[in-house]
Every structure is written in structure tokens, then in C-alpha cells.
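Chemist: Hey, dropping work35.tsv in here, TSV, C-alpha atoms:
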```tsv
chain	number	residue	atom	x	y	z
I	193	ALA	CA	-9.00	-33.24	2.94
I	194	CYS	CA	-11.39	-31.25	0.82
I	195	VAL	CA	-14.55	-29.58	2.09
I	196	LEU	CA	-17.18	-28.05	-0.21
I	197	LEU	CA	-18.63	-24.78	1.00
I	198	GLY	CA	-21.71	-23.02	-0.36
I	199	LEU	CA	-20.73	-19.39	-0.64
I	200	MET	CA	-23.82	-17.24	-1.11
I	201	LEU	CA	-22.10	-14.00	-1.93
I	202	SER	CA	-23.10	-11.65	-4.71
I	203	GLY	CA	-20.71	-11.74	-7.63
I	204	GLN	CA	-18.72	-14.68	-6.25
I	205	PRO	CA	-18.72	-18.38	-7.12
I	206	THR	CA	-21.45	-20.23	-5.25
I	207	HIS	CA	-19.12	-23.13	-4.39
I	208	ALA	CA	-15.43	-23.36	-3.61
I	209	ALA	CA	-13.21	-26.32	-2.86
I	210	VAL	CA	-11.32	-25.65	0.37
I	211	HIS	CA	-8.23	-27.75	0.93
I	212	THR	CA	-6.74	-28.36	4.34
I	213	THR	CA	-3.32	-29.76	5.21
I	214	SER	CA	-1.65	-30.52	8.49
I	215	GLY	CA	-0.23	-27.00	8.26
I	216	GLY	CA	-3.51	-25.14	7.74
I	217	VAL	CA	-6.27	-24.21	5.32
I	218	VAL	CA	-5.01	-23.61	1.78
I	219	LEU	CA	-6.46	-20.65	-0.13
I	220	SER	CA	-6.07	-21.00	-3.89
I	221	PRO	CA	-6.23	-18.36	-6.65
I	222	GLY	CA	-9.86	-17.90	-7.64
I	223	ASP	CA	-11.20	-18.67	-4.15
I	224	ASN	CA	-13.32	-16.11	-2.30
I	225	LEU	CA	-10.82	-15.62	0.51
I	226	GLN	CA	-13.12	-13.75	2.91
I	227	ALA	CA	-15.86	-16.35	2.61
I	228	ILE	CA	-13.42	-19.15	3.45
I	229	VAL	CA	-11.96	-17.21	6.37
I	230	ASP	CA	-15.49	-16.63	7.70
I	231	SER	CA	-16.28	-20.34	7.45
I	232	HIS	CA	-13.50	-21.31	9.89
I	233	PRO	CA	-13.13	-20.56	13.58
I	234	ALA	CA	-11.04	-17.69	14.88
I	235	GLY	CA	-7.40	-18.63	15.31
I	236	THR	CA	-7.14	-20.61	12.06
I	237	HIS	CA	-3.88	-20.74	10.11
I	238	PHE	CA	-4.42	-20.01	6.42
I	239	ILE	CA	-1.86	-20.80	3.72
I	240	ILE	CA	-2.22	-18.47	0.74
I	241	GLY	CA	-1.28	-20.51	-2.29
I	242	ALA	CA	1.17	-19.53	-5.00
I	243	GLY	CA	-0.24	-17.38	-7.78
I	244	ILE	CA	-2.15	-14.12	-8.10
I	245	HIS	CA	-5.19	-13.61	-5.86
I	246	ARG	CA	-6.87	-10.68	-7.55
I	247	MET	CA	-9.15	-8.07	-5.88
I	248	GLN	CA	-9.36	-9.94	-2.56
I	249	SER	CA	-9.89	-8.18	0.76
I	250	ILE	CA	-9.57	-10.02	4.08
I	251	ARG	CA	-10.98	-9.10	7.49
I	252	PRO	CA	-9.28	-11.53	9.92
I	253	ARG	CA	-10.65	-12.73	13.25
I	254	ASP	CA	-8.72	-12.88	16.53
I	255	GLY	CA	-5.67	-15.11	16.30
I	256	ASP	CA	-5.87	-15.81	12.56
I	257	SER	CA	-2.58	-16.20	10.72
I	258	PHE	CA	-1.80	-15.96	7.01
I	259	THR	CA	1.34	-17.36	5.40
I	260	GLY	CA	2.10	-17.05	1.70
I	261	GLU	CA	3.62	-19.84	-0.31
I	262	PRO	CA	6.53	-18.76	-2.53
I	263	GLY	CA	4.98	-16.71	-5.34
I	264	ALA	CA	1.76	-15.84	-3.46
I	265	VAL	CA	0.49	-12.38	-4.48
I	266	LEU	CA	-2.50	-10.42	-3.22
I	267	ASN	CA	-3.22	-7.98	-6.04
I	268	GLY	CA	-5.87	-5.28	-5.68
I	269	SER	CA	-6.06	-4.46	-9.38
I	270	ARG	CA	-8.06	-5.60	-12.41
I	271	LEU	CA	-6.50	-6.57	-15.72
I	272	LEU	CA	-7.47	-4.30	-18.61
I	273	THR	CA	-7.53	-6.02	-22.00
I	274	ASP	CA	-10.34	-4.51	-24.12
I	275	TRP	CA	-8.46	-1.47	-25.41
I	276	ARG	CA	-9.39	0.23	-28.65
I	277	ARG	CA	-7.68	2.89	-30.72
I	278	GLU	CA	-9.30	6.34	-30.88
I	279	GLY	CA	-7.19	8.89	-32.74
I	280	ASN	CA	-3.93	9.33	-30.85
I	281	TYR	CA	-5.22	7.52	-27.78
I	282	TRP	CA	-5.79	4.04	-26.48
I	283	VAL	CA	-9.18	3.93	-24.73
I	284	ILE	CA	-11.03	1.46	-22.52
I	285	ASP	CA	-14.65	1.85	-21.37
I	286	GLY	CA	-16.69	0.47	-18.48
I	287	GLN	CA	-14.42	1.74	-15.70
I	288	THR	CA	-16.90	2.52	-12.93
I	289	GLN	CA	-14.43	2.42	-10.03
I	290	GLN	CA	-14.05	5.69	-8.19
I	291	GLY	CA	-12.82	6.15	-4.65
I	292	TYR	CA	-12.63	9.33	-2.64
I	293	THR	CA	-9.79	11.83	-2.62
I	294	VAL	CA	-7.55	12.58	0.37
I	295	GLY	CA	-4.45	14.71	0.59
I	296	SER	CA	-2.52	17.59	-0.92
I	297	CYS	CA	-0.76	17.20	-4.27
I	298	ARG	CA	2.17	18.94	-5.87
I	299	ASP	CA	1.42	21.07	-8.88
I	300	SER	CA	3.06	18.47	-11.14
I	301	ASN	CA	0.29	15.96	-10.43
I	302	GLU	CA	-3.02	17.42	-9.32
I	303	ARG	CA	-4.64	13.98	-9.29
I	304	CYS	CA	-2.14	12.33	-6.94
I	305	ASN	CA	-4.90	12.02	-4.33
I	306	HIS	CA	-7.25	9.98	-6.53
I	307	SER	CA	-7.01	6.37	-5.44
I	308	GLU	CA	-7.27	4.92	-8.96
I	309	ASP	CA	-3.88	4.04	-10.43
I	310	LEU	CA	-2.86	2.60	-13.79
I	311	TYR	CA	0.11	0.27	-14.25
I	312	ILE	CA	1.88	-1.02	-17.34
I	313	ASP	CA	4.20	-3.96	-16.66
I	314	ASP	CA	4.38	-2.99	-12.97
I	315	GLU	CA	5.17	0.66	-13.67
I	316	PRO	CA	2.66	3.25	-12.37
I	317	LEU	CA	1.67	5.96	-14.82
I	318	THR	CA	1.10	9.58	-13.80
I	319	HIS	CA	-2.57	10.48	-13.46
I	320	MET	CA	-3.21	13.79	-15.24
I	321	ARG	CA	-6.12	16.17	-14.67
I	322	SER	CA	-7.08	16.54	-18.35
I	323	LEU	CA	-6.86	14.57	-21.57
I	324	SER	CA	-4.81	17.28	-23.26
I	325	LEU	CA	-1.93	16.78	-20.79
I	326	ILE	CA	-1.28	13.08	-21.32
I	327	GLY	CA	1.73	11.66	-23.13
I	328	PRO	CA	4.02	8.66	-22.65
I	329	GLY	CA	3.87	7.43	-19.07
I	330	LYS	CA	0.71	9.47	-18.34
I	331	TRP	CA	-3.00	8.70	-18.33
I	332	TYR	CA	-6.40	10.31	-17.85
I	333	PHE	CA	-9.57	8.96	-16.20
I	334	ASP	CA	-12.78	10.45	-17.62
I	335	TYR	CA	-14.92	9.77	-14.55
I	336	ASN	CA	-18.08	11.16	-16.11
I	337	ASN	CA	-17.94	8.63	-18.95
I	338	ASP	CA	-16.23	5.72	-17.13
I	339	ARG	CA	-13.34	5.79	-19.58
I	340	ILE	CA	-9.54	5.57	-19.30
I	341	TYR	CA	-7.19	7.12	-21.88
I	342	MET	CA	-3.46	6.68	-22.47
I	343	VAL	CA	-1.03	6.97	-25.38
I	344	ASP	CA	1.22	4.02	-24.52
I	345	ASP	CA	0.55	0.95	-26.66
I	346	PRO	CA	-1.00	-1.77	-24.46
I	347	ARG	CA	-0.52	-4.60	-26.96
I	348	GLY	CA	1.57	-7.43	-25.58
I	349	ARG	CA	1.82	-5.76	-22.18
I	350	THR	CA	0.19	-6.22	-18.77
I	351	VAL	CA	-2.08	-3.27	-18.00
I	352	GLU	CA	-3.86	-3.08	-14.63
I	353	THR	CA	-5.92	-0.55	-12.69
I	354	SER	CA	-6.29	-0.53	-8.90
I	355	ILE	CA	-9.79	-1.39	-7.66
I	356	THR	CA	-9.83	-2.85	-4.13
I	357	PHE	CA	-9.08	-0.70	-1.07
I	358	ASP	CA	-7.61	-3.13	1.49
I	359	ALA	CA	-5.69	-6.39	1.47
I	360	PHE	CA	-6.11	-6.85	5.26
I	361	TYR	CA	-8.18	-4.67	7.61
I	362	GLY	CA	-10.31	-4.75	10.74
I	363	SER	CA	-10.06	-4.71	14.53
I	364	ALA	CA	-8.98	-8.29	15.32
I	365	TYR	CA	-6.34	-9.09	17.92
I	366	ASN	CA	-3.15	-11.13	17.48
I	367	VAL	CA	-3.16	-11.58	13.69
I	368	THR	CA	-0.02	-12.69	11.83
I	369	ILE	CA	0.63	-11.90	8.14
I	370	GLY	CA	3.81	-13.13	6.47
I	371	HIS	CA	5.63	-14.06	3.26
I	372	LEU	CA	3.25	-12.36	0.83
I	373	THR	CA	3.52	-9.84	-1.95
I	374	ILE	CA	0.76	-7.25	-1.46
I	375	GLU	CA	0.42	-4.87	-4.37
I	376	LYS	CA	-1.73	-2.46	-6.36
I	377	TYR	CA	-4.44	-1.79	-3.78
I	378	ALA	CA	-6.50	1.37	-4.26
I	379	GLY	CA	-6.58	2.85	-0.79
I	380	PRO	CA	-6.74	6.64	-0.88
I	381	GLY	CA	-4.25	8.82	0.98
I	382	GLN	CA	-3.54	7.74	4.58
I	383	ARG	CA	-5.11	4.31	4.02
I	384	GLY	CA	-2.86	1.26	3.96
I	385	ALA	CA	-3.04	-1.91	1.94
I	386	ILE	CA	-2.42	-3.57	5.30
I	387	ARG	CA	-4.71	-1.48	7.50
I	388	GLY	CA	-4.08	-2.50	11.08
I	389	LYS	CA	-4.61	0.88	12.73
I	390	ASP	CA	-7.81	-0.31	14.47
I	391	SER	CA	-6.28	-3.63	15.50
I	392	GLN	CA	-4.17	-4.90	18.39
I	393	ASN	CA	-0.91	-6.83	18.39
I	394	TRP	CA	-0.58	-7.80	14.74
I	395	ILE	CA	2.70	-9.24	13.47
I	396	VAL	CA	3.46	-8.29	9.86
I	397	HIS	CA	6.69	-9.89	8.70
I	398	ASN	CA	8.70	-10.79	5.62
I	399	ASN	CA	6.29	-9.31	3.08
I	400	VAL	CA	6.79	-7.18	-0.01
I	401	VAL	CA	4.27	-4.31	0.11
I	402	ARG	CA	4.49	-2.30	-3.08
I	403	LEU	CA	2.73	-0.19	-5.70
I	404	ASN	CA	-0.30	0.61	-3.53
I	405	SER	CA	-2.06	3.92	-4.20
I	406	GLY	CA	-1.90	5.35	-0.68
I	407	VAL	CA	-0.01	3.79	2.23
I	408	GLY	CA	1.80	0.47	2.32
I	409	ILE	CA	1.18	-0.38	6.00
I	410	ASN	CA	-0.94	1.34	8.68
I	411	ALA	CA	0.37	0.12	12.05
I	412	GLY	CA	-1.84	-0.05	15.14
I	413	PRO	CA	-1.22	-0.56	18.86
I	414	GLY	CA	1.18	-3.36	19.67
I	415	MET	CA	1.94	-4.10	16.02
I	416	GLN	CA	5.30	-5.56	15.09
I	417	VAL	CA	6.37	-4.76	11.53
I	418	LEU	CA	9.44	-6.90	10.90
I	419	ASN	CA	11.71	-7.54	7.92
I	420	ASN	CA	9.37	-6.30	5.19
I	421	ARG	CA	10.18	-4.49	1.94
I	422	VAL	CA	7.80	-1.52	1.79
I	423	ILE	CA	8.64	0.01	-1.56
I	424	ARG	CA	7.20	2.21	-4.30
I	425	ASN	CA	3.86	3.05	-2.70
I	426	GLY	CA	1.92	6.04	-4.01
I	427	GLN	CA	1.88	8.24	-0.92
I	428	ILE	CA	4.01	6.85	1.92
I	429	GLY	CA	5.54	3.60	3.03
I	430	MET	CA	4.25	3.32	6.57
I	431	THR	CA	2.15	5.20	9.14
I	432	GLY	CA	0.87	4.31	12.59
I	433	GLY	CA	-0.18	5.22	16.09
I	434	GLY	CA	-0.78	3.72	19.53
I	435	LYS	CA	1.28	2.05	22.23
I	436	ASP	CA	4.25	-0.26	21.84
I	437	LEU	CA	4.77	-0.32	18.08
I	438	ARG	CA	7.93	-2.06	16.88
I	439	ILE	CA	9.18	-1.26	13.38
I	440	GLU	CA	12.36	-3.27	12.82
I	441	GLY	CA	14.50	-4.64	10.02
I	442	ASN	CA	12.45	-3.20	7.15
I	443	GLU	CA	13.50	-1.68	3.87
I	444	ILE	CA	11.34	1.42	3.25
I	445	ALA	CA	12.21	2.94	-0.10
I	446	TYR	CA	11.11	4.79	-3.24
I	447	ASN	CA	7.72	5.79	-1.81
I	448	ASN	CA	5.55	8.73	-3.00
I	449	TYR	CA	5.50	7.97	-6.72
I	450	ALA	CA	2.15	9.85	-6.91
I	451	ASN	CA	3.73	13.21	-5.96
I	452	TYR	CA	1.92	14.11	-2.75
I	453	ARG	CA	3.25	17.17	-0.97
I	454	ASP	CA	5.78	15.80	1.50
I	455	GLY	CA	4.90	18.50	4.04
I	456	TRP	CA	1.38	17.09	4.16
I	457	GLU	CA	2.26	13.41	4.59
I	458	ALA	CA	4.44	11.52	2.15
I	459	GLY	CA	7.74	9.74	1.79
I	460	GLY	CA	9.10	7.00	4.03
I	461	THR	CA	7.12	6.98	7.30
I	462	LYS	CA	5.00	9.14	9.60
I	463	PHE	CA	3.87	8.14	13.08
I	464	ALA	CA	1.59	10.10	15.41
I	465	HIS	CA	0.25	9.69	18.97
I	466	THR	CA	2.57	6.81	19.85
I	467	ASP	CA	3.86	5.74	23.24
I	468	GLY	CA	6.90	3.49	23.25
I	469	ILE	CA	7.45	3.13	19.50
I	470	ILE	CA	10.72	1.44	18.51
I	471	LEU	CA	12.22	2.20	15.08
I	472	ARG	CA	15.28	-0.04	14.80
I	473	ASN	CA	17.58	-1.48	12.11
I	474	ASN	CA	15.55	-0.15	9.19
I	475	TYR	CA	17.01	0.89	5.83
I	476	VAL	CA	15.04	3.98	4.79
I	477	HIS	CA	16.19	5.39	1.48
I	478	HIS	CA	15.24	7.24	-1.71
I	479	ASN	CA	11.80	8.24	-0.47
I	480	ASP	CA	10.29	11.42	-1.91
I	481	GLY	CA	9.77	13.14	1.43
I	482	PRO	CA	11.05	12.56	4.98
I	483	GLY	CA	12.59	9.25	5.99
I	484	LEU	CA	11.67	8.48	9.63
I	485	TRP	CA	9.08	11.01	10.85
I	486	THR	CA	7.44	11.06	14.28
I	487	ASP	CA	4.95	13.93	14.25
I	488	ILE	CA	2.56	14.98	17.04
I	489	ASN	CA	2.55	13.58	20.57
I	490	ASN	CA	5.05	10.74	20.23
I	491	ILE	CA	6.30	9.85	23.72
I	492	ASN	CA	9.07	7.49	24.83
I	493	THR	CA	10.33	7.06	21.27
I	494	LEU	CA	13.43	5.01	20.44
I	495	ILE	CA	15.07	5.48	17.03
I	496	GLU	CA	18.28	3.48	16.77
I	497	ASN	CA	20.62	1.68	14.38
I	498	ASN	CA	18.82	2.79	11.23
I	499	ILE	CA	20.37	3.79	7.91
I	500	VAL	CA	18.45	6.79	6.54
I	501	ALA	CA	19.78	8.04	3.22
I	502	TYR	CA	18.90	9.88	0.01
I	503	ASN	CA	15.42	10.95	1.12
I	504	THR	CA	14.35	14.26	-0.41
I	505	GLY	CA	13.02	15.50	2.94
I	506	MET	CA	14.42	15.33	6.46
I	507	GLY	CA	16.22	12.11	7.33
I	508	ILE	CA	15.04	11.78	10.94
I	509	PHE	CA	12.36	14.26	12.04
I	510	HIS	CA	10.98	14.24	15.61
I	511	GLU	CA	8.25	16.92	15.55
I	512	ILE	CA	5.83	18.26	18.21
I	513	SER	CA	6.85	15.31	20.39
I	514	TYR	CA	9.11	14.64	23.36
I	515	SER	CA	10.96	12.07	25.48
I	516	ALA	CA	12.93	10.43	22.67
I	517	VAL	CA	16.21	8.56	22.41
I	518	ILE	CA	17.74	8.89	18.93
I	519	ARG	CA	21.09	7.09	18.74
I	520	ASN	CA	23.53	5.16	16.57
I	521	ASN	CA	21.84	6.00	13.27
I	522	VAL	CA	23.47	6.80	9.94
I	523	SER	CA	21.65	9.73	8.35
I	524	LYS	CA	23.18	11.07	5.14
I	525	PHE	CA	22.37	12.80	1.84
I	526	ASN	CA	18.85	13.74	2.94
I	527	SER	CA	16.95	17.02	2.48
I	528	GLN	CA	17.83	17.24	-1.18
I	529	ASN	CA	14.92	19.64	-1.77
I	530	TRP	CA	14.97	23.10	-0.22
I	531	SER	CA	12.84	23.31	2.91
I	532	ALA	CA	12.02	26.12	5.29
I	533	TRP	CA	12.28	23.51	8.07
I	534	LEU	CA	15.76	22.18	7.30
```
Please express the file's structure as C-alpha cells.
Modeler:
Amino acid sequence: ACVLLGLMLSGQPTHAAVHTTSGGVVLSPGDNLQAIVDSHPAGTHFIIGAGIHRMQSIRPRDGDSFTGEPGAVLNGSRLLTDWRREGNYWVIDGQTQQGYTVGSCRDSNERCNHSEDLYIDDEPLTHMRSLSLIGPGKWYFDYNNDRIYMVDDPRGRTVETSITFDAFYGSAYNVTIGHLTIEKYAGPGQRGAIRGKDSQNWIVHNNVVRLNSGVGINAGPGMQVLNNRVIRNGQIGMTGGGKDLRIEGNEIAYNNYANYRDGWEAGGTKFAHTDGIILRNNYVHHNDGPGLWTDINNINTLIENNIVAYNTGMGIFHEISYSAVIRNNVSKFNSQNWSAWL
């Protein structure tokens, strides 16, 4: 079946063909996903079609579910193609995006806390504070003149810059999100591409959440985060708070490419103000910062059967919290950087 909807949204197509199957409502690349979600009742199952859905942000309603077809990607970035040569630099104009800054950076990257990122062929470049500091693998955003500079040759390559803050957000209850790749969203520090911290009882499962500027996943009360790959996010893989969180079966790895200070909040995970959180059967490795970190007023915590390895900060860190069971974990080759803590 095909239903034609009039979508009166600024900057979006005025009509979209919405396809339904016996399994749910199919969302195709190029559709305005939020407008289609809003046009259906709460509790609808949406099938996100194969392909790249660029700069889409979804606020679900109670009971909505979202399942990706193989190859379905929610991508928060914009393609950059109109480069020109200017002396030693490649330059592109018209870049008006600018978020706000959150967080503390290491001296090696004083712009880690700017939410704009630049990617070449899925590799994030280092955002430098001045034009004079850039070289291969580095870039500079001249915010006053809406201009991006780099020295790497963009010809024949995919160059993208992060634009959109959230892939999923809001305060809905009982939402399910699965089998998607969610990448290159521009949330600032402490803000997740999947931002469920204000929600209740979401299930987030079997996704790849990667290359987002701030946090991969913010978990809220009752959220189950199951069997995801949360890898190579700019600040930290996962954060959360509230009652009865379950974080199980995930790979959480290679996070903090932006060089936030790990003592502030960076690396694998950080959870605060939880009651009854379960961290089980996760593989937490090669994060630049702590691995599993419960910091401030975490009560009735269970951390079991995890492998926590090769993180530059503490492997398992239970801080300013109490009433925890920490058992049957493998924690090895962590704390590679000197720390006054451990």
C-alpha cells in the first residue's frame, strides 16, 4: 500500500510516498522521517530501509519501534563536495553549522569540545584551534567566515561534516531501536546520538553506533542496551542514569578520538545516579580513558562477566558510590597512562 502525505515542513519535500507492508511502515532514503513518524499513531513499527538517511532526527512516541534493513544507516553529516584550492589548503565555504561547546580537552586538541567534526573516508580528522597548526589528518573551522580548511586532497574521496545533533531523542516510553548503523551525529560533549536519558524503558539492540562527536548512547531509566557495537565515538561510548538499566553483550571500544580529558568524562562508559544497574558480558577495550565507570551515587550495582582490557584509564572504577557486586570479570592491561588515582 502507498499513502501520499502532505508534509508542510520548511526545507523538506512537500510530499512523500509512504509505503506500508505487513511488517510495518517503510521509511526510505530521502523521506522526512520525523514527519512520517508524526503521521502515524503511537506504537507503530517502522522499517528503516537500506541506504543512507542523511541528517535525520527522530523523536519517537510511546511504543514506537524502529528496525533497520541490512545496510540501513542514519548519518548525521552532510557531504562536502565544493572544495577549491587556496595556496596550500583545500577550502570550502558556506559552513554555517555551529553547536555549543561542552567539556575539558587535552592540550593536544583544544577544540575537542566543538561538536563539528570532519571525516574523510570514515576517518575523523583532528580539529585544530588555528589555521597555522593544520597538516595531514588535521583541519580548521573558521567560524567567523563559515569556512573549513584542510590540507588533505578531497578529490575522489568521501568528505563529510557532522551537522545534526540527535538520531533518536525524547521522553517516550517503551521504544525499541534495532539493527541500524548510527553515525556522524554532532552532539556536543555528554550528548548521545541515541539520547534516551529523558525516556523510560527503551530497548536499544544490535546497532552499530560510531563516529559521533560526543556520546554514542545516553541511557535512561529502565533502558536495555543489548548486543550493540559502540565504537570510535568522539568523547565516550555510553553514559546513563536512573533505575534498572541493563547494559549487556555490547562491544564498547576505541572511544574518545577527540581527546577529551579522561578525568572529566571520556573513554568507554560513565554512569551516575543509578539504582540497580547491571553491566554484564560486555567487551570494553582500547578506550582512551576508563573502561566501566560508575561515578556518583550508584547504588545496588552489578558488574559481572565483562572483559575490560587495554583501556588507558582504570579498567573498572566504582567511585563515590556504594552497595556494589563486582565479580567474575577479566580486567587486564588497563591504566596505561599515569594517574594519581591508580
Chemist: Which residue out of I:Arg383, I:Arg347, I:Arg472, I:His306 has the minimum interatomic distance to I:Tyr452 when only C-alpha atoms are used?
Modeler: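 Closest to I:Tyr452 of all the choices is I:His306.
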Chemist: For I:Thr493, which residue among I:Arg438, I:His478, I:His211, I:Lys524 is the nearest when counting all atoms listed in the file?
Modeler: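 Going through I:Arg438, I:His478, I:His211, I:Lys524 one by one, the smallest distance to I:Thr493 is for I:Arg438.
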Chemist: Skipping near chain neighbours, those fewer than 5 positions away, what residues fall within 8 Å of I:Asn473 using all atoms listed in the file, listed as a count of residues only?
Modeler: 7
Chemist: Give me, as number ranges by chain, all polymer residues having an atom no more than 12 Å from I:Tyr341, counting only C-alpha atoms and skipping those fewer than 5 positions away in the same chain.
Modeler: I: 272, 275-285, 287, 310, 317-335, 346
Chemist: Next, write the just-selected residues to a file, as a compact mmCIF listing (two decimals), in the coordinates of the input, keeping C-alpha atoms as the atom set.
Modeler:
```txt
# COMPACT_ATOMS: atom_id res chain seq x y z
CA LEU I 272 -7.47 -4.30 -18.61
CA TRP I 275 -8.46 -1.47 -25.41
CA ARG I 276 -9.39 0.23 -28.65
CA ARG I 277 -7.68 2.89 -30.72
CA GLU I 278 -9.30 6.34 -30.88
CA GLY I 279 -7.19 8.89 -32.74
CA ASN I 280 -3.93 9.33 -30.85
CA TYR I 281 -5.22 7.52 -27.78
CA TRP I 282 -5.79 4.04 -26.48
CA VAL I 283 -9.18 3.93 -24.73
CA ILE I 284 -11.03 1.46 -22.52
CA ASP I 285 -14.65 1.85 -21.37
CA GLN I 287 -14.42 1.74 -15.70
CA LEU I 310 -2.86 2.60 -13.79
CA LEU I 317 1.67 5.96 -14.82
CA THR I 318 1.10 9.58 -13.80
CA HIS I 319 -2.57 10.48 -13.46
CA MET I 320 -3.21 13.79 -15.24
CA ARG I 321 -6.12 16.17 -14.67
CA SER I 322 -7.08 16.54 -18.35
CA LEU I 323 -6.86 14.57 -21.57
CA SER I 324 -4.81 17.28 -23.26
CA LEU I 325 -1.93 16.78 -20.79
CA ILE I 326 -1.28 13.08 -21.32
CA GLY I 327 1.73 11.66 -23.13
CA PRO I 328 4.02 8.66 -22.65
CA GLY I 329 3.87 7.43 -19.07
CA LYS I 330 0.71 9.47 -18.34
CA TRP I 331 -3.00 8.70 -18.33
CA TYR I 332 -6.40 10.31 -17.85
CA PHE I 333 -9.57 8.96 -16.20
CA ASP I 334 -12.78 10.45 -17.62
CA TYR I 335 -14.92 9.77 -14.55
CA PRO I 346 -1.00 -1.77 -24.46
```
Chemist: What's the separation between atom CA of I:Tyr514 and atom CA of I:Asp436, in Å to one decimal place?
Modeler: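 Here the two named atoms are 15.7 Å from each other.
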Chemist: For a quick check of understanding, using all atoms listed in the file, which of I:Arg298, I:Arg303, I:Lys389, I:Arg339 has the smallest distance to I:Trp456?
Modeler: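 Once distances to I:Trp456 are computed over all atoms listed in the file, the minimum belongs to I:Arg298.
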Chemist: Using only C-alpha atoms, can you tell me which of I:Thr273, I:Gly408, I:Pro413, I:Ser515 comes closest to I:Asp345?
Modeler: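 Ranked by minimum distance to I:Asp345, first place goes to I:Thr273.
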Chemist: Please identify all polymer residues within 10 Å of I:Gln416, counting all atoms listed in the file, omitting same-chain residues fewer than 3 positions from it, and present them as a count of residues only.
Modeler: 17
Chemist: Go ahead and compute the interatomic distance for atom CA of I:Cys304 and atom CA of I:Arg402, in Å to one decimal.
Modeler: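 Atom-to-atom, atom CA of I:Cys304 and atom CA of I:Arg402 are spaced 16.5 Å apart.
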Chemist: For the point (2.5, -1.3, -6.7) in the file's frame, write as JSON, numbers by chain all residues with an atom no more than 7 Å away, counting only C-alpha atoms.
Modeler: {"I": [314, 375, 376, 402, 403, 404, 424, 425]}
Chemist: Around (1.4, 8.7, 10.9) in the file's frame, which residues reach within 6 Å when counting only C-alpha atoms? Return as an MDAnalysis selection string?
Modeler: chainID I and resid 431:432 462:464
Chemist: Counting all atoms listed in the file, figure out which residue out of I:Asp299, I:Asp254, I:Asp223, I:Asp467 gets nearest to I:Thr486.
Modeler: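 Checking each of I:Asp299, I:Asp254, I:Asp223, I:Asp467 against I:Thr486, counting all atoms listed in the file, the winner is I:Asp467.
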Chemist: One decimal, Å: what's the distance from atom CA of I:Phe525 over to atom CA of I:Arg421, could you say?
Modeler: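 Atom-to-atom, atom CA of I:Phe525 and atom CA of I:Arg421 are spaced 21.2 Å apart.
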Chemist: Please, which residues in stretch 336-439 of chain I fall within 12 Å of stretch 256-260 of chain I when counting all atoms listed in the file, and what is the closest atom pair and distance in Å to one decimal for each, ordered by chain then residue number, as JSON lines?
Modeler:
```
{"residue": "I:Ala359", "atom": "CA", "partner": "I:Phe258", "partner_atom": "CA", "distance": 11.7}
{"residue": "I:Phe360", "atom": "CA", "partner": "I:Phe258", "partner_atom": "CA", "distance": 10.2}
{"residue": "I:Ala364", "atom": "CA", "partner": "I:Asp256", "partner_atom": "CA", "distance": 8.6}
{"residue": "I:Tyr365", "atom": "CA", "partner": "I:Asp256", "partner_atom": "CA", "distance": 8.6}
{"residue": "I:Asn366", "atom": "CA", "partner": "I:Asp256", "partner_atom": "CA", "distance": 7.3}
{"residue": "I:Val367", "atom": "CA", "partner": "I:Asp256", "partner_atom": "CA", "distance": 5.1}
{"residue": "I:Thr368", "atom": "CA", "partner": "I:Ser257", "partner_atom": "CA", "distance": 4.5}
{"residue": "I:Ile369", "atom": "CA", "partner": "I:Phe258", "partner_atom": "CA", "distance": 4.9}
{"residue": "I:Gly370", "atom": "CA", "partner": "I:Thr259", "partner_atom": "CA", "distance": 5.0}
{"residue": "I:His371", "atom": "CA", "partner": "I:Gly260", "partner_atom": "CA", "distance": 4.9}
{"residue": "I:Leu372", "atom": "CA", "partner": "I:Gly260", "partner_atom": "CA", "distance": 4.9}
{"residue": "I:Thr373", "atom": "CA", "partner": "I:Gly260", "partner_atom": "CA", "distance": 8.2}
{"residue": "I:Ile374", "atom": "CA", "partner": "I:Gly260", "partner_atom": "CA", "distance": 10.4}
{"residue": "I:Asn393", "atom": "CA", "partner": "I:Asp256", "partner_atom": "CA", "distance": 11.8}
{"residue": "I:Trp394", "atom": "CA", "partner": "I:Ser257", "partner_atom": "CA", "distance": 9.5}
{"residue": "I:Ile395", "atom": "CA", "partner": "I:Ser257", "partner_atom": "CA", "distance": 9.2}
{"residue": "I:Val396", "atom": "CA", "partner": "I:Phe258", "partner_atom": "CA", "distance": 9.7}
{"residue": "I:His397", "atom": "CA", "partner": "I:Thr259", "partner_atom": "CA", "distance": 9.8}
{"residue": "I:Asn398", "atom": "CA", "partner": "I:Thr259", "partner_atom": "CA", "distance": 9.9}
{"residue": "I:Asn399", "atom": "CA", "partner": "I:Gly260", "partner_atom": "CA", "distance": 8.9}
{"residue": "I:Val400", "atom": "CA", "partner": "I:Gly260", "partner_atom": "CA", "distance": 11.1}
```
Chemist: Point out the residue among I:Ile488, I:Ala242, I:Leu271, I:Ile428 with the least atom-to-atom distance to I:Asp454, counting all atoms listed in the file.
Modeler: I:Ile428
Chemist: Give, as AutoDock Vina command-line options, the centre coordinates and the x, y and z edge lengths in Å to one decimal for an axis-aligned box around all listed atoms of stretch 269-273 of chain I, padded by 8 Å on each side.
Modeler:
```
--center_x -7.1 --center_y -5.4 --center_z -15.7 --size_x 18.0 --size_y 18.3 --size_z 28.6
```
